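A short write-up of the structure that comes next.
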Amino acid sequence: MIPSVVRLSPGDAIALQPGGPVPVAGPEPSPALFLVHAEDLAGEWEGALAAVLSEEERARAARFRRSEDRDTYAVTHFALRLVLGRLLDVAPAAVPFTRRDCPGCGEPHGRPGVSGDPLHFSLSHSEHLGLIAVAATPVGVDVERTATAEAAAPLVGSLHPTERAELGALPGPELPRAFTRTWCRKEAYLKGIGTGLSRPLSQDYVGATQEPAAPPGWRIADVPLEEDDMAAAVAVAVHPHHI
């Protein structure tokens with residue numbers, strides 16, 4: 001799985017037709033990925049904020065202290081509604097969001113979805129970037145700024161033993177990028193299964209080398225970005241009956 005990314009822009013916000021199918025390559029599901037640069041759409045969401053974003057989304061956006069973080073949150077959620085609205089053939093403000101039950105505790109704060117599960121999606125944002133994944137099966141995505149060596153070092157010990165060994169074999173200067181790559185893969189997978197970071201980071205092996213690994217029933221891929229200081233990954237279920 002070599003993912004390609006569509007960058008959303010104000011002129012052609014989404015390269016999808018209303019009600020269009022989620023792309024599938026061969027027998028295995030292939031996620032559609034959409035990259036959002038907050039500066040591209042910042043002027044777009046302000047006029048549509050009240051009409052498109054929910055009251056909860058507007059309240060969460062307002063809680064961010066930095067205007068840059070507020071813009072990124074609002075823009076990425078606005079873009080998510082545009083993408084899903086096109087695919088579901090409904091107005092963006094009318095996308096029927098739901099929450100699955102958490103696999104760990106059973107409470108309704110698991111993986112987000114839409115009523116009836118006609119498709120699956122995931123959203124991540126960091127700094128000025130947002131990344132949206134849509135697939136025919138459960139999917140997770142994560143984007144992160146490359147961690148500093150100081151930030152990465154204490155977290156390495158929480159990873160899978162094989163990942164710790166792989167990171168420990170690298171020269172020191174390579175650790176921040178390799179750790180961030182591993183973290184993105186891990187979080188994408190955990191978002192895909194619906195547990196998020198409540199599941200121990202040491203439980204699942206996703207690989208810390210150039211080639212990602214994946215637990216049974218899943219595929220994981222690094223997402224290519226133009227930004228050298230950012231990393232991203234996507235995880236998609238290939239056998240949904242395992243979920």
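By convention here, the chains of the structure tokens are called A, B, ... in the order presented, each chain's residues are numbered starting at 1, and ligands are numbered starting at 1 in the order presented.
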
Check your understanding: Residues at most 8 Å from Thr72 (chain A), counting only C-alpha atoms, excluding those fewer than 4 positions away in the same chain, as a ChimeraX atom specification?
Key -> /A:37-38,68,76,125-130

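Using only C-alpha atoms, the nearest neighbour of Ala152 (chain A) within the list A:Gly140, A:Leu175, A:Arg164, A:Arg181 is A:Leu175.
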
Exercise for review: Report as a PyMOL selection string: the residues of region 51-243 of chain A with a DSSP assignment of helix (DSSP H, G or I), based on the backbone of this structure.
Suggested key: chain A and resi 51-52+55-62+67-88+92-94+149-156+161-168+172-193+196-198+240-242

Run DSSP on the backbone and grab whatever in region 88-140 of chain A lands in strand (DSSP E or B); send it over as an mmCIF file with N, CA and C atoms, in the first residue's frame.
data_model
loop_
_atom_site.group_PDB
_atom_site.id
_atom_site.type_symbol
_atom_site.label_atom_id
_atom_site.label_comp_id
_atom_site.auth_asym_id
_atom_site.auth_seq_id
_atom_site.Cartn_x
_atom_site.Cartn_y
_atom_site.Cartn_z
ATOM 1 N N PHE A 97 -22.753 12.048 12.276
ATOM 2 C CA PHE A 97 -21.655 11.493 13.061
ATOM 3 C C PHE A 97 -22.177 10.634 14.209
ATOM 4 N N THR A 98 -21.432 9.571 14.495
ATOM 5 C CA THR A 98 -21.720 8.714 15.646
ATOM 6 C C THR A 98 -20.402 8.357 16.326
ATOM 7 N N ARG A 99 -20.499 7.687 17.455
ATOM 8 C CA ARG A 99 -19.320 7.140 18.146
ATOM 9 C C ARG A 99 -19.558 5.669 18.422
ATOM 10 N N PRO A 112 -14.776 7.313 16.001
ATOM 11 C CA PRO A 112 -15.879 8.061 15.391
ATOM 12 C C PRO A 112 -16.298 7.433 14.072
ATOM 13 N N GLY A 113 -17.562 7.613 13.719
ATOM 14 C CA GLY A 113 -18.064 7.073 12.465
ATOM 15 C C GLY A 113 -19.281 7.843 12.008
ATOM 16 N N VAL A 114 -19.979 7.303 11.037
ATOM 17 C CA VAL A 114 -21.247 7.865 10.567
ATOM 18 C C VAL A 114 -22.298 6.765 10.647
ATOM 19 N N HIS A 120 -15.798 4.505 6.467
ATOM 20 C CA HIS A 120 -15.056 4.728 7.710
ATOM 21 C C HIS A 120 -14.067 5.863 7.479
ATOM 22 N N PHE A 121 -13.760 6.603 8.537
ATOM 23 C CA PHE A 121 -12.881 7.750 8.376
ATOM 24 C C PHE A 121 -12.042 7.948 9.625
ATOM 25 N N SER A 122 -10.998 8.746 9.471
ATOM 26 C CA SER A 122 -10.156 9.153 10.596
ATOM 27 C C SER A 122 -9.585 10.525 10.288
ATOM 28 N N LEU A 123 -9.349 11.292 11.328
ATOM 29 C CA LEU A 123 -8.839 12.658 11.186
ATOM 30 C C LEU A 123 -7.736 12.895 12.199
ATOM 31 N N SER A 124 -6.672 13.550 11.749
ATOM 32 C CA SER A 124 -5.588 13.952 12.649
ATOM 33 C C SER A 124 -5.109 15.332 12.244
ATOM 34 N N HIS A 125 -4.683 16.121 13.225
ATOM 35 C CA HIS A 125 -4.109 17.421 12.882
ATOM 36 C C HIS A 125 -2.981 17.757 13.857
ATOM 37 N N SER A 126 -1.989 18.434 13.339
ATOM 38 C CA SER A 126 -0.832 18.847 14.122
ATOM 39 C C SER A 126 -0.228 20.085 13.482
ATOM 40 N N LEU A 129 -1.117 21.392 9.813
ATOM 41 C CA LEU A 129 -1.560 20.334 8.908
ATOM 42 C C LEU A 129 -2.700 19.519 9.495
ATOM 43 N N GLY A 130 -3.610 19.118 8.609
ATOM 44 C CA GLY A 130 -4.618 18.140 8.955
ATOM 45 C C GLY A 130 -4.570 17.021 7.932
ATOM 46 N N LEU A 131 -4.898 15.809 8.350
ATOM 47 C CA LEU A 131 -4.895 14.663 7.449
ATOM 48 C C LEU A 131 -6.168 13.866 7.679
ATOM 49 N N ILE A 132 -6.902 13.611 6.588
ATOM 50 C CA ILE A 132 -8.164 12.881 6.625
ATOM 51 C C ILE A 132 -7.998 11.590 5.831
ATOM 52 N N ALA A 133 -8.462 10.487 6.398
ATOM 53 C CA ALA A 133 -8.480 9.210 5.686
ATOM 54 C C ALA A 133 -9.914 8.707 5.621
ATOM 55 N N VAL A 134 -10.311 8.202 4.451
ATOM 56 C CA VAL A 134 -11.625 7.595 4.263
ATOM 57 C C VAL A 134 -11.410 6.240 3.601
ATOM 58 N N ALA A 135 -12.114 5.221 4.084
ATOM 59 C CA ALA A 135 -11.919 3.879 3.543
ATOM 60 C C ALA A 135 -13.207 3.075 3.650
ATOM 61 N N VAL A 139 -10.332 2.514 9.627
ATOM 62 C CA VAL A 139 -9.100 3.185 9.238
ATOM 63 C C VAL A 139 -8.677 4.147 10.343
ATOM 64 N N GLY A 140 -7.379 4.354 10.463
ATOM 65 C CA GLY A 140 -6.842 5.335 11.398
ATOM 66 C C GLY A 140 -5.714 6.086 10.744
#

Wanna dump the region 50-138 of chain A-region 189-198 of chain A contacts at 9 Å for me, each residue with its shortest atom pair and the distance in Å to one decimal, counting only C-alpha atoms, ordered by chain and number, as a tab-separated table?
residue	atom	partner	partner_atom	distance
A:Arg100	CA	A:Gly194	CA	7.8
A:Asp101	CA	A:Gly194	CA	8.3
A:Cys102	CA	A:Thr195	CA	6.3
A:Pro103	CA	A:Thr195	CA	6.2
A:Gly104	CA	A:Thr195	CA	6.7
A:His109	CA	A:Gly194	CA	8.6
A:Gly110	CA	A:Gly194	CA	5.0
A:Arg111	CA	A:Gly194	CA	4.3
A:Pro112	CA	A:Gly194	CA	8.1
A:Phe121	CA	A:Gly192	CA	8.8
A:Ser122	CA	A:Gly192	CA	7.6
A:Pro138	CA	A:Gly192	CA	5.8

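CA of Leu159 (chain A) lies 20.5 Å from CA of Gly217 (chain A).
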